[in-house]
$ cat my_file_23.txt   # compact mmCIF, C-alpha atoms (C1' of nucleotides)
# COMPACT_ATOMS: atom_id res chain seq x y z
CA MET A 1 35.66 6.88 -55.01
CA ALA A 2 39.01 5.77 -56.43
CA ASP A 3 40.50 6.68 -53.10
CA ASP A 4 38.31 4.14 -51.33
CA LEU A 5 39.22 1.43 -53.81
CA PHE A 6 42.97 1.75 -53.42
CA LYS A 7 42.77 2.20 -49.69
CA ALA A 8 40.76 -1.01 -49.51
CA LEU A 9 43.36 -2.91 -51.50
CA ALA A 10 46.24 -1.54 -49.47
CA ASP A 11 45.85 -3.94 -46.55
CA PRO A 12 47.06 -7.54 -46.85
CA THR A 13 44.31 -8.90 -44.61
CA ARG A 14 41.67 -7.30 -46.81
CA ARG A 15 43.29 -8.81 -49.88
CA THR A 16 43.17 -12.21 -48.21
CA ILE A 17 39.49 -11.65 -47.53
CA LEU A 18 39.00 -10.92 -51.23
CA ASP A 19 40.82 -14.18 -51.97
CA GLU A 20 38.47 -16.06 -49.68
CA LEU A 21 35.41 -14.47 -51.25
CA THR A 22 36.79 -15.28 -54.69
CA GLU A 23 36.94 -18.91 -53.65
CA LYS A 24 33.51 -18.86 -52.05
CA SER A 25 31.27 -15.82 -52.35
CA GLY A 26 28.42 -15.19 -49.93
CA GLN A 27 30.11 -15.94 -46.63
CA THR A 28 29.09 -14.61 -43.26
CA LEU A 29 31.33 -12.67 -40.92
CA PHE A 30 31.99 -15.68 -38.69
CA GLU A 31 32.67 -17.88 -41.67
CA ILE A 32 35.28 -15.43 -42.90
CA CYS A 33 36.74 -15.14 -39.43
CA SER A 34 37.25 -18.86 -39.03
CA ARG A 35 38.71 -19.23 -42.51
CA LEU A 36 41.20 -16.44 -41.90
CA SER A 37 42.17 -18.14 -38.68
CA THR A 38 42.46 -21.72 -39.90
CA LYS A 39 43.59 -21.37 -43.50
CA HIS A 40 45.72 -18.26 -43.17
CA GLN A 41 46.84 -18.30 -39.53
CA LEU A 42 45.52 -14.78 -39.11
CA GLY A 43 44.83 -14.15 -35.45
CA ILE A 44 42.45 -11.26 -35.76
CA SER A 45 39.39 -10.39 -33.75
CA ARG A 46 35.89 -10.53 -35.16
CA GLN A 47 35.64 -6.76 -34.98
CA GLY A 48 38.84 -6.44 -36.90
CA VAL A 49 37.41 -8.50 -39.73
CA SER A 50 34.15 -6.58 -39.52
CA GLN A 51 35.98 -3.30 -39.97
CA HIS A 52 37.87 -4.69 -42.93
CA LEU A 53 34.63 -5.78 -44.53
CA ALA A 54 33.23 -2.30 -44.04
CA VAL A 55 36.18 -0.80 -45.87
CA LEU A 56 35.77 -3.30 -48.70
CA GLU A 57 32.08 -2.48 -48.91
CA THR A 58 32.78 1.26 -49.10
CA ALA A 59 35.10 0.51 -52.01
CA GLY A 60 32.31 -1.45 -53.71
CA LEU A 61 34.39 -4.62 -53.71
CA VAL A 62 32.00 -6.38 -51.36
CA GLU A 63 28.23 -6.28 -51.37
CA THR A 64 26.08 -7.52 -48.54
CA ARG A 65 22.61 -8.96 -48.07
CA ARG A 66 20.86 -9.70 -44.83
CA GLU A 67 18.76 -12.74 -44.08
CA GLY A 68 17.49 -12.97 -40.55
CA ARG A 69 20.42 -12.51 -38.23
CA CYS A 70 22.93 -13.51 -40.88
CA LYS A 71 24.69 -11.12 -43.24
CA PHE A 72 26.20 -12.56 -46.37
CA HIS A 73 29.12 -10.98 -48.14
CA ASP A 74 29.47 -11.17 -51.90
CA LEU A 75 32.48 -10.26 -53.96
CA ASN A 76 32.22 -7.65 -56.71
CA THR A 77 35.38 -7.23 -58.73
CA ALA A 78 33.91 -4.66 -61.11
CA PRO A 79 35.58 -1.67 -59.41
CA LEU A 80 38.95 -3.19 -60.22
CA ARG A 81 38.38 -2.46 -63.87
CA GLN A 82 39.00 1.24 -63.39
CA ILE A 83 42.61 0.47 -62.44
CA THR A 84 43.62 -0.90 -65.81
CA GLU A 85 41.41 1.67 -67.46
CA ARG A 86 43.28 4.47 -65.75
CA TRP A 87 46.74 3.07 -66.53
CA PRO A 88 46.45 0.84 -69.59
CA VAL A 89 48.45 -2.36 -69.44
CA PRO A 90 50.02 -3.81 -72.59
CA ASP A 91 48.40 -7.07 -73.70
CA THR A 92 51.32 -9.36 -72.96
CA SER A 93 54.58 -7.81 -71.96
CA GLY A 94 57.83 -9.52 -71.16
CA PRO A 95 59.91 -11.86 -73.29
CA GLU A 96 57.27 -13.81 -75.15
CA GLU A 97 58.00 -16.92 -77.20
CA SER A 98 58.05 -15.84 -80.82
CA THR A 99 54.70 -16.87 -82.29
CA PRO A 100 55.63 -20.10 -84.09
CA MET B 1 56.03 -8.22 -53.96
CA ALA B 2 52.28 -7.73 -54.19
CA ASP B 3 52.53 -5.85 -50.95
CA ASP B 4 54.77 -3.23 -52.52
CA LEU B 5 52.42 -2.82 -55.46
CA PHE B 6 49.32 -2.13 -53.42
CA LYS B 7 51.15 0.04 -50.96
CA ALA B 8 52.44 2.10 -53.86
CA LEU B 9 48.94 2.56 -55.25
CA ALA B 10 47.50 3.48 -51.88
CA ASP B 11 48.64 7.09 -51.93
CA PRO B 12 46.76 9.66 -54.02
CA THR B 13 49.90 11.68 -54.78
CA ARG B 14 51.61 8.58 -56.14
CA ARG B 15 48.59 7.84 -58.32
CA THR B 16 48.77 11.38 -59.68
CA ILE B 17 52.44 10.80 -60.46
CA LEU B 18 51.45 7.69 -62.39
CA ASP B 19 48.90 9.79 -64.26
CA GLU B 20 51.61 12.27 -65.16
CA LEU B 21 53.96 9.55 -66.35
CA THR B 22 51.13 8.03 -68.35
CA GLU B 23 50.73 11.33 -70.13
CA LYS B 24 54.47 11.78 -70.60
CA SER B 25 56.89 9.05 -69.67
CA GLY B 26 60.55 9.76 -69.02
CA GLN B 27 60.31 12.84 -66.84
CA THR B 28 62.90 14.02 -64.37
CA LEU B 29 62.25 14.64 -60.69
CA PHE B 30 62.02 18.39 -61.13
CA GLU B 31 59.74 18.03 -64.11
CA ILE B 32 57.35 15.91 -62.07
CA CYS B 33 57.59 18.33 -59.15
CA SER B 34 56.61 21.33 -61.23
CA ARG B 35 53.76 19.47 -62.93
CA LEU B 36 52.35 18.34 -59.62
CA SER B 37 52.54 21.92 -58.43
CA THR B 38 51.08 23.68 -61.46
CA LYS B 39 48.63 21.14 -62.88
CA HIS B 40 47.48 19.54 -59.67
CA GLN B 41 48.00 22.25 -57.04
CA LEU B 42 50.02 19.82 -54.96
CA GLY B 43 52.28 21.78 -52.65
CA ILE B 44 54.80 19.09 -51.90
CA SER B 45 58.54 19.31 -51.40
CA ARG B 46 61.03 17.85 -53.85
CA GLN B 47 62.07 15.25 -51.29
CA GLY B 48 58.46 14.28 -50.84
CA VAL B 49 58.15 13.55 -54.54
CA SER B 50 61.47 11.76 -54.52
CA GLN B 51 60.30 9.45 -51.76
CA HIS B 52 57.10 8.73 -53.65
CA LEU B 53 59.09 7.84 -56.75
CA ALA B 54 61.21 5.46 -54.69
CA VAL B 55 58.08 3.66 -53.51
CA LEU B 56 56.79 3.44 -57.05
CA GLU B 57 60.12 2.06 -58.20
CA THR B 58 60.11 -0.59 -55.49
CA ALA B 59 56.71 -1.65 -56.76
CA GLY B 60 58.09 -1.91 -60.28
CA LEU B 61 55.66 0.71 -61.55
CA VAL B 62 58.44 3.15 -62.36
CA GLU B 63 61.80 2.42 -63.90
CA THR B 64 64.66 4.87 -63.98
CA ARG B 65 67.65 5.61 -66.17
CA ARG B 66 70.43 8.05 -65.49
CA GLU B 67 72.05 10.35 -68.01
CA GLY B 68 74.64 12.68 -66.56
CA ARG B 69 73.09 14.51 -63.67
CA CYS B 70 69.54 13.79 -64.85
CA LYS B 71 67.44 10.81 -63.87
CA PHE B 72 64.52 9.93 -66.07
CA HIS B 73 61.48 8.11 -64.79
CA ASP B 74 59.56 5.74 -67.01
CA LEU B 75 56.18 4.20 -66.35
CA ASN B 76 55.76 0.43 -66.33
CA THR B 77 52.19 -0.70 -65.91
CA ALA B 78 52.97 -4.40 -66.21
CA PRO B 79 52.75 -5.08 -62.45
CA LEU B 80 49.12 -3.96 -62.55
CA ARG B 81 48.23 -7.06 -64.48
CA GLN B 82 48.54 -9.26 -61.42
CA ILE B 83 45.60 -7.44 -59.86
CA THR B 84 43.03 -8.56 -62.40
CA GLU B 85 44.76 -11.91 -62.57
CA ARG B 86 44.29 -12.41 -58.85
CA TRP B 87 40.65 -11.32 -58.83
CA PRO B 88 39.21 -11.88 -62.28
CA VAL B 89 36.94 -9.13 -63.54
CA PRO B 90 33.97 -9.97 -65.77
CA ASP B 91 34.43 -8.74 -69.32
CA THR B 92 31.75 -6.07 -69.26
CA SER B 93 29.45 -5.95 -66.32
CA GLY B 94 26.50 -3.68 -65.84
CA PRO B 95 23.55 -3.13 -68.18
CA GLU B 96 25.14 -3.53 -71.59
CA GLU B 97 23.36 -2.91 -74.87
CA SER B 98 22.33 -6.28 -76.20
CA THR B 99 24.80 -7.27 -78.89
CA PRO B 100 22.86 -6.43 -82.07
C1' DT C 1 87.45 27.52 -59.75
C1' DT C 2 83.11 29.20 -58.66
C1' DG C 3 78.38 28.92 -59.02
C1' DA C 4 74.24 26.78 -60.36
C1' DT C 5 71.57 22.70 -61.33
C1' DA C 6 69.85 17.80 -60.40
C1' DG C 7 69.48 14.72 -56.97
C1' DG C 8 70.43 11.83 -52.36
C1' DC C 9 70.53 10.83 -47.26
C1' DA C 10 68.93 11.14 -42.53
C1' DA C 11 66.41 12.46 -38.64
C1' DG C 12 62.20 14.43 -36.72
C1' DT C 13 57.16 15.30 -36.57
C1' DA C 14 52.51 14.32 -36.94
C1' DT C 15 48.73 12.20 -38.82
C1' DC C 16 46.38 8.05 -40.18
C1' DG C 17 44.93 3.42 -39.85
C1' DA C 18 44.77 -1.44 -37.95
C1' DC C 19 43.48 -3.74 -34.04
C1' DT C 20 41.62 -4.50 -29.45
C1' DT C 21 38.43 -4.29 -25.53
C1' DG C 22 33.95 -3.53 -23.70
C1' DC C 23 29.30 -3.06 -24.09
C1' DC C 24 24.84 -3.14 -26.82
C1' DT C 25 20.99 -4.90 -30.22
C1' DA C 26 18.49 -8.39 -32.82
C1' DA C 27 17.27 -12.96 -34.23
C1' DT C 28 17.00 -18.02 -33.21
C1' DA C 29 16.85 -22.10 -29.96
C1' DT C 30 15.55 -24.63 -25.60
C1' DA D 1 11.52 -16.33 -20.68
C1' DT D 2 16.34 -17.23 -20.96
C1' DA D 3 20.36 -18.45 -23.32
C1' DT D 4 22.86 -18.44 -27.42
C1' DT D 5 24.25 -16.89 -31.84
C1' DA D 6 25.32 -13.17 -35.37
C1' DG D 7 26.58 -8.75 -35.64
C1' DG D 8 27.20 -3.38 -34.48
C1' DC D 9 29.15 0.83 -32.09
C1' DA D 10 32.71 3.58 -29.73
C1' DA D 11 36.83 4.76 -27.61
C1' DG D 12 41.65 3.89 -26.96
C1' DT D 13 46.43 2.15 -28.26
C1' DC D 14 50.22 1.74 -31.13
C1' DG D 15 52.81 1.37 -35.22
C1' DA D 16 53.27 2.87 -40.02
C1' DT D 17 53.97 6.55 -43.25
C1' DA D 18 53.72 11.06 -45.59
C1' DC D 19 56.07 15.15 -45.28
C1' DT D 20 59.46 18.49 -43.83
C1' DT D 21 64.03 20.58 -42.85
C1' DG D 22 68.95 20.51 -43.17
C1' DC D 23 72.95 19.11 -45.13
C1' DC D 24 75.80 16.51 -48.64
C1' DT D 25 77.38 14.75 -53.52
C1' DA D 26 77.85 15.05 -58.51
C1' DT D 27 77.46 17.11 -63.05
C1' DC D 28 77.62 21.08 -66.16
C1' DA D 29 78.39 26.18 -67.42
C1' DA D 30 80.76 30.75 -66.67
$ encode --input "my_file_23.txt" --output "structure tokens"
Amino acid sequence: MADDLFKALADPTRRTILDELTEKSGQTLFEICSRLSTKHQLGISRQGVSQHLAVLETAGLVETRREGRCKFHDLNTAPLRQITERWPVPDTSGPEESTP
Amino acid sequence: MADDLFKALADPTRRTILDELTEKSGQTLFEICSRLSTKHQLGISRQGVSQHLAVLETAGLVETRREGRCKFHDLNTAPLRQITERWPVPDTSGPEESTP
DNA sequence: TTGATAGGCAAGTATCGACTTGCCTAATAT
DNA sequence: ATATTAGGCAAGTCGATACTTGCCTATCAA
């Protein structure tokens, strides 16, 4: 459970995929592949991306739906909530301007 | 930067250490060692724990202060904020009771 | 000073995980 | 029917990393 989540986040390529899905949810495998290649200069094979997506799906960060021969990938950030629930983060830390 | 954070969170032992520091911040290496051993049945060497703490410190999740021959470890959850800033999480997802 | 306590450094092992290559299935197009 | 497009499965390689063992330094107590 939590193990899958943190393992999924551990890889920089997977985090970039999450970025891409944040920008545009519901992309296909090939769409993600070409975006990683063009926008992020990531030379990675299609299977590589596919395996990353599988890890993200196991973590619950990505959900998929099939339509014909296409498989669309949707982002689900809900699992991230358990991180800040497990280790509470102060509202605003750091040197804040004194409330005027 | 972000890489260090997610790498630090990727290991289950390190997450348990964060749990321990959440419960009681400012523990020494030996204190953490014995807690991992007794409370979590983690048979890990002192050096193992020390290396984990170093990774957590690199990520900014743990800060240390020395006093004499003792080194105290304090939790700092602030770096976690960038996670939910990078991938925004809806306030409360899932089937919520309708606000009465 | 001697011994005990708290921690650090470095090298070695061994497992895990990212990535690739090669082949296979299913849906659309000509 | 054949070719093309979208994706899946499996084995193999290679580098990263968690963990250990062995030795070394520094602080405090007797």
$ residues_around --input "my_file_23.txt" --residues "C:DA14" --least-positions-apart "2" --cutoff "12 Å" --atoms "all atoms listed in the file" --output "NGL selection string"
(:C and (12 or 16)) or (:D and (16-20))
$ residues_around --input "my_file_23.txt" --residues "A:Phe30" --least-positions-apart "6" --cutoff "10 Å" --atoms "only C-alpha atoms (C1' of nucleotides)" --output "list in words"
Leu36, Arg46, Val49, Ser50, Cys70 and Lys71 of chain A; DA6 and DG7 of chain D
$ interface_residues --input "my_file_23.txt" --of "chain B" --to "chain A" --cutoff "8 Å" --atoms "all atoms listed in the file" --output "VMD selection string"
chain B and resid 3 6 to 7 9 to 12 18 to 19 22 77 to 78 80 to 81 83 to 84 86 to 90 93
$ calpha_fit_and_write --input "my_file_23.txt" --fixed "chain A" --moving "chain B" --output "PDB file with C-alpha atoms, in the frame of the given file"
ATOM      1  CA  MET B   1      35.707   6.926 -55.154  1.00  0.00           C
ATOM      2  CA  ALA B   2      39.056   5.752 -56.482  1.00  0.00           C
ATOM      3  CA  ASP B   3      40.483   6.689 -53.139  1.00  0.00           C
ATOM      4  CA  ASP B   4      38.282   4.163 -51.372  1.00  0.00           C
ATOM      5  CA  LEU B   5      39.251   1.440 -53.816  1.00  0.00           C
ATOM      6  CA  PHE B   6      42.983   1.796 -53.376  1.00  0.00           C
ATOM      7  CA  LYS B   7      42.725   2.276 -49.660  1.00  0.00           C
ATOM      8  CA  ALA B   8      40.732  -0.935 -49.465  1.00  0.00           C
ATOM      9  CA  LEU B   9      43.376  -2.837 -51.410  1.00  0.00           C
ATOM     10  CA  ALA B  10      46.206  -1.436 -49.336  1.00  0.00           C
ATOM     11  CA  ASP B  11      45.783  -3.815 -46.422  1.00  0.00           C
ATOM     12  CA  PRO B  12      47.050  -7.398 -46.679  1.00  0.00           C
ATOM     13  CA  THR B  13      44.272  -8.784 -44.471  1.00  0.00           C
ATOM     14  CA  ARG B  14      41.651  -7.221 -46.723  1.00  0.00           C
ATOM     15  CA  ARG B  15      43.335  -8.732 -49.773  1.00  0.00           C
ATOM     16  CA  THR B  16      43.222 -12.131 -48.086  1.00  0.00           C
ATOM     17  CA  ILE B  17      39.515 -11.600 -47.460  1.00  0.00           C
ATOM     18  CA  LEU B  18      39.077 -10.903 -51.161  1.00  0.00           C
ATOM     19  CA  ASP B  19      40.954 -14.123 -51.882  1.00  0.00           C
ATOM     20  CA  GLU B  20      38.582 -16.007 -49.616  1.00  0.00           C
ATOM     21  CA  LEU B  21      35.523 -14.481 -51.245  1.00  0.00           C
ATOM     22  CA  THR B  22      36.977 -15.284 -54.645  1.00  0.00           C
ATOM     23  CA  GLU B  23      37.171 -18.905 -53.612  1.00  0.00           C
ATOM     24  CA  LYS B  24      33.705 -18.877 -52.063  1.00  0.00           C
ATOM     25  CA  SER B  25      31.451 -15.879 -52.394  1.00  0.00           C
ATOM     26  CA  GLY B  26      28.561 -15.281 -50.025  1.00  0.00           C
ATOM     27  CA  GLN B  27      30.198 -16.005 -46.694  1.00  0.00           C
ATOM     28  CA  THR B  28      29.094 -14.683 -43.343  1.00  0.00           C
ATOM     29  CA  LEU B  29      31.292 -12.716 -40.966  1.00  0.00           C
ATOM     30  CA  PHE B  30      31.960 -15.706 -38.748  1.00  0.00           C
ATOM     31  CA  GLU B  31      32.718 -17.901 -41.717  1.00  0.00           C
ATOM     32  CA  ILE B  32      35.332 -15.434 -42.919  1.00  0.00           C
ATOM     33  CA  CYS B  33      36.730 -15.099 -39.401  1.00  0.00           C
ATOM     34  CA  SER B  34      37.269 -18.818 -38.991  1.00  0.00           C
ATOM     35  CA  ARG B  35      38.805 -19.178 -42.452  1.00  0.00           C
ATOM     36  CA  LEU B  36      41.233 -16.365 -41.810  1.00  0.00           C
ATOM     37  CA  SER B  37      42.164 -18.043 -38.557  1.00  0.00           C
ATOM     38  CA  THR B  38      42.530 -21.623 -39.766  1.00  0.00           C
ATOM     39  CA  LYS B  39      43.707 -21.240 -43.363  1.00  0.00           C
ATOM     40  CA  HIS B  40      45.780 -18.117 -42.999  1.00  0.00           C
ATOM     41  CA  GLN B  41      46.857 -18.135 -39.342  1.00  0.00           C
ATOM     42  CA  LEU B  42      45.485 -14.633 -38.937  1.00  0.00           C
ATOM     43  CA  GLY B  43      44.744 -14.031 -35.281  1.00  0.00           C
ATOM     44  CA  ILE B  44      42.334 -11.167 -35.651  1.00  0.00           C
ATOM     45  CA  SER B  45      39.227 -10.311 -33.677  1.00  0.00           C
ATOM     46  CA  ARG B  46      35.741 -10.514 -35.141  1.00  0.00           C
ATOM     47  CA  GLN B  47      35.414  -6.738 -34.963  1.00  0.00           C
ATOM     48  CA  GLY B  48      38.666  -6.390 -36.828  1.00  0.00           C
ATOM     49  CA  VAL B  49      37.301  -8.465 -39.683  1.00  0.00           C
ATOM     50  CA  SER B  50      34.028  -6.594 -39.549  1.00  0.00           C
ATOM     51  CA  GLN B  51      35.813  -3.281 -39.951  1.00  0.00           C
ATOM     52  CA  HIS B  52      37.780  -4.639 -42.886  1.00  0.00           C
ATOM     53  CA  LEU B  53      34.574  -5.779 -44.553  1.00  0.00           C
ATOM     54  CA  ALA B  54      33.112  -2.308 -44.086  1.00  0.00           C
ATOM     55  CA  VAL B  55      36.091  -0.788 -45.886  1.00  0.00           C
ATOM     56  CA  LEU B  56      35.757  -3.289 -48.693  1.00  0.00           C
ATOM     57  CA  GLU B  57      32.066  -2.507 -48.978  1.00  0.00           C
ATOM     58  CA  THR B  58      32.733   1.219 -49.172  1.00  0.00           C
ATOM     59  CA  ALA B  59      35.075   0.490 -52.048  1.00  0.00           C
ATOM     60  CA  GLY B  60      32.351  -1.492 -53.784  1.00  0.00           C
ATOM     61  CA  LEU B  61      34.455  -4.647 -53.737  1.00  0.00           C
ATOM     62  CA  VAL B  62      32.051  -6.428 -51.417  1.00  0.00           C
ATOM     63  CA  GLU B  63      28.284  -6.367 -51.477  1.00  0.00           C
ATOM     64  CA  THR B  64      26.109  -7.640 -48.678  1.00  0.00           C
ATOM     65  CA  ARG B  65      22.659  -9.129 -48.270  1.00  0.00           C
ATOM     66  CA  ARG B  66      20.866  -9.889 -45.053  1.00  0.00           C
ATOM     67  CA  GLU B  67      18.776 -12.950 -44.330  1.00  0.00           C
ATOM     68  CA  GLY B  68      17.450 -13.139 -40.802  1.00  0.00           C
ATOM     69  CA  ARG B  69      20.337 -12.728 -38.436  1.00  0.00           C
ATOM     70  CA  CYS B  70      22.910 -13.663 -41.086  1.00  0.00           C
ATOM     71  CA  LYS B  71      24.682 -11.262 -43.399  1.00  0.00           C
ATOM     72  CA  PHE B  72      26.244 -12.670 -46.516  1.00  0.00           C
ATOM     73  CA  HIS B  73      29.181 -11.051 -48.234  1.00  0.00           C
ATOM     74  CA  ASP B  74      29.584 -11.242 -51.980  1.00  0.00           C
ATOM     75  CA  LEU B  75      32.618 -10.307 -54.017  1.00  0.00           C
ATOM     76  CA  ASN B  76      32.356  -7.706 -56.766  1.00  0.00           C
ATOM     77  CA  THR B  77      35.533  -7.258 -58.743  1.00  0.00           C
ATOM     78  CA  ALA B  78      34.077  -4.712 -61.148  1.00  0.00           C
ATOM     79  CA  PRO B  79      35.700  -1.695 -59.442  1.00  0.00           C
ATOM     80  CA  LEU B  80      39.103  -3.203 -60.210  1.00  0.00           C
ATOM     81  CA  ARG B  81      38.577  -2.496 -63.864  1.00  0.00           C
ATOM     82  CA  GLN B  82      39.178   1.210 -63.407  1.00  0.00           C
ATOM     83  CA  ILE B  83      42.763   0.468 -62.415  1.00  0.00           C
ATOM     84  CA  THR B  84      43.831  -0.941 -65.759  1.00  0.00           C
ATOM     85  CA  GLU B  85      41.638   1.617 -67.459  1.00  0.00           C
ATOM     86  CA  ARG B  86      43.499   4.435 -65.755  1.00  0.00           C
ATOM     87  CA  TRP B  87      46.955   3.029 -66.476  1.00  0.00           C
ATOM     88  CA  PRO B  88      46.733   0.803 -69.523  1.00  0.00           C
ATOM     89  CA  VAL B  89      48.721  -2.408 -69.316  1.00  0.00           C
ATOM     90  CA  PRO B  90      50.322  -3.874 -72.445  1.00  0.00           C
ATOM     91  CA  ASP B  91      48.664  -7.092 -73.549  1.00  0.00           C
ATOM     92  CA  THR B  92      51.547  -9.415 -72.769  1.00  0.00           C
ATOM     93  CA  SER B  93      54.834  -7.897 -71.854  1.00  0.00           C
ATOM     94  CA  GLY B  94      58.062  -9.698 -71.206  1.00  0.00           C
ATOM     95  CA  PRO B  95      59.839 -12.217 -73.438  1.00  0.00           C
ATOM     96  CA  GLU B  96      56.947 -13.987 -75.118  1.00  0.00           C
ATOM     97  CA  GLU B  97      57.302 -16.990 -77.390  1.00  0.00           C
ATOM     98  CA  SER B  98      57.102 -15.706 -80.925  1.00  0.00           C
ATOM     99  CA  THR B  99      53.616 -16.408 -82.219  1.00  0.00           C
ATOM    100  CA  PRO B 100      54.193 -19.527 -84.346  1.00  0.00           C
TER     101      PRO B 100
END
$ atom_distance --input "my_file_23.txt" --atom1 "atom CA of B:Arg69" --atom2 "atom C1' of D:DT27"
5.1 Å
$ residues_around --input "my_file_23.txt" --residues "B:Val62" --least-positions-apart "5" --cutoff "8 Å" --atoms "all atoms listed in the file" --output "PDB file with C-alpha atoms, in the frame of the given file"
ATOM      1  CA  LEU B  53      59.090   7.840 -56.750  1.00  0.00           C
ATOM      2  CA  LEU B  56      56.790   3.440 -57.050  1.00  0.00           C
ATOM      3  CA  GLU B  57      60.120   2.060 -58.200  1.00  0.00           C
ATOM      4  CA  HIS B  73      61.480   8.110 -64.790  1.00  0.00           C
ATOM      5  CA  ASP B  74      59.560   5.740 -67.010  1.00  0.00           C
ATOM      6  CA  LEU B  75      56.180   4.200 -66.350  1.00  0.00           C
ATOM      7  CA  ASN B  76      55.760   0.430 -66.330  1.00  0.00           C
TER       8      ASN B  76
END
$ atom_distance --input "my_file_23.txt" --atom1 "atom CA of B:Thr64" --atom2 "atom CA of B:Ile32"
13.4 Å
$ atom_distance --input "my_file_23.txt" --atom1 "atom CA of B:Ser25" --atom2 "atom CA of B:Gln51"
18.2 Å
$ decode --input "my_file_23.txt" --residues "stretch 2-13 of chain D" --atoms "N, CA and C atoms (P, O5', C5', C4', C3', O3' and C1' of nucleotides)" --output "tab-separated table (two decimals), in the first residue's frame"
chain	number	residue	atom	x	y	z
D	2	DT	P	-3.63	-12.67	-46.79
D	2	DT	O5'	-2.95	-11.24	-46.57
D	2	DT	C5'	-3.01	-10.28	-47.62
D	2	DT	C4'	-2.59	-8.91	-47.10
D	2	DT	C3'	-1.41	-8.90	-46.13
D	2	DT	O3'	-0.47	-7.94	-46.57
D	2	DT	C1'	-3.19	-7.66	-45.23
D	3	DA	P	0.97	-7.76	-45.90
D	3	DA	O5'	0.81	-6.28	-45.34
D	3	DA	C5'	0.17	-5.30	-46.16
D	3	DA	C4'	-0.08	-4.04	-45.36
D	3	DA	C3'	1.07	-3.66	-44.41
D	3	DA	O3'	1.25	-2.26	-44.46
D	3	DA	C1'	-0.93	-3.93	-43.17
D	4	DT	P	2.46	-1.56	-43.71
D	4	DT	O5'	1.73	-0.78	-42.52
D	4	DT	C5'	0.54	-0.04	-42.80
D	4	DT	C4'	-0.15	0.37	-41.51
D	4	DT	C3'	0.81	0.84	-40.40
D	4	DT	O3'	0.32	2.05	-39.88
D	4	DT	C1'	-0.70	-0.77	-39.56
D	5	DT	P	1.21	3.04	-39.00
D	5	DT	O5'	0.38	3.11	-37.64
D	5	DT	C5'	-1.03	3.30	-37.70
D	5	DT	C4'	-1.67	2.85	-36.40
D	5	DT	C3'	-0.92	3.28	-35.13
D	5	DT	O3'	-1.83	3.93	-34.25
D	5	DT	C1'	-1.43	0.98	-35.06
D	6	DA	P	-1.25	4.70	-33.00
D	6	DA	O5'	-1.56	3.67	-31.82
D	6	DA	C5'	-2.90	3.45	-31.41
D	6	DA	C4'	-2.93	2.47	-30.26
D	6	DA	C3'	-1.92	2.75	-29.15
D	6	DA	O3'	-2.56	2.76	-27.88
D	6	DA	C1'	-1.78	0.50	-29.85
D	7	DG	P	-1.71	3.03	-26.58
D	7	DG	O5'	-1.34	1.56	-26.13
D	7	DG	C5'	-2.39	0.69	-25.74
D	7	DG	C4'	-1.86	-0.71	-25.61
D	7	DG	C3'	-0.91	-0.96	-24.44
D	7	DG	O3'	-1.61	-1.65	-23.42
D	7	DG	C1'	-0.34	-2.19	-26.40
D	8	DG	P	-0.83	-2.11	-22.11
D	8	DG	O5'	-0.39	-3.62	-22.42
D	8	DG	C5'	-1.39	-4.55	-22.82
D	8	DG	C4'	-0.82	-5.96	-22.81
D	8	DG	C3'	0.01	-6.30	-21.57
D	8	DG	O3'	-0.33	-7.60	-21.11
D	8	DG	C1'	1.31	-6.61	-23.52
D	9	DC	P	0.30	-8.14	-19.73
D	9	DC	O5'	1.46	-9.12	-20.20
D	9	DC	C5'	1.18	-10.08	-21.21
D	9	DC	C4'	2.39	-10.97	-21.43
D	9	DC	C3'	3.21	-11.24	-20.17
D	9	DC	O3'	3.57	-12.62	-20.14
D	9	DC	C1'	4.59	-10.30	-21.84
D	10	DA	P	4.27	-13.26	-18.87
D	10	DA	O5'	5.78	-13.37	-19.34
D	10	DA	C5'	6.06	-13.83	-20.65
D	10	DA	C4'	7.55	-14.00	-20.83
D	10	DA	C3'	8.33	-14.19	-19.53
D	10	DA	O3'	9.42	-15.08	-19.78
D	10	DA	C1'	9.11	-12.28	-20.62
D	11	DA	P	10.21	-15.78	-18.59
D	11	DA	O5'	11.72	-15.49	-19.01
D	11	DA	C5'	12.12	-15.74	-20.35
D	11	DA	C4'	13.31	-14.89	-20.71
D	11	DA	C3'	14.46	-14.93	-19.70
D	11	DA	O3'	15.69	-15.00	-20.40
D	11	DA	C1'	13.84	-12.72	-20.09
D	12	DG	P	17.00	-15.55	-19.69
D	12	DG	O5'	18.03	-14.36	-19.92
D	12	DG	C5'	18.09	-13.72	-21.19
D	12	DG	C4'	18.72	-12.36	-21.03
D	12	DG	C3'	19.84	-12.30	-19.98
D	12	DG	O3'	21.01	-11.72	-20.54
D	12	DG	C1'	18.27	-10.57	-19.65
D	13	DT	P	22.37	-11.66	-19.71
D	13	DT	O5'	22.62	-10.09	-19.61
D	13	DT	C5'	22.32	-9.26	-20.74
D	13	DT	C4'	22.48	-7.80	-20.34
D	13	DT	C3'	23.64	-7.51	-19.40
D	13	DT	O3'	24.29	-6.31	-19.80
D	13	DT	C1'	21.64	-6.73	-18.45
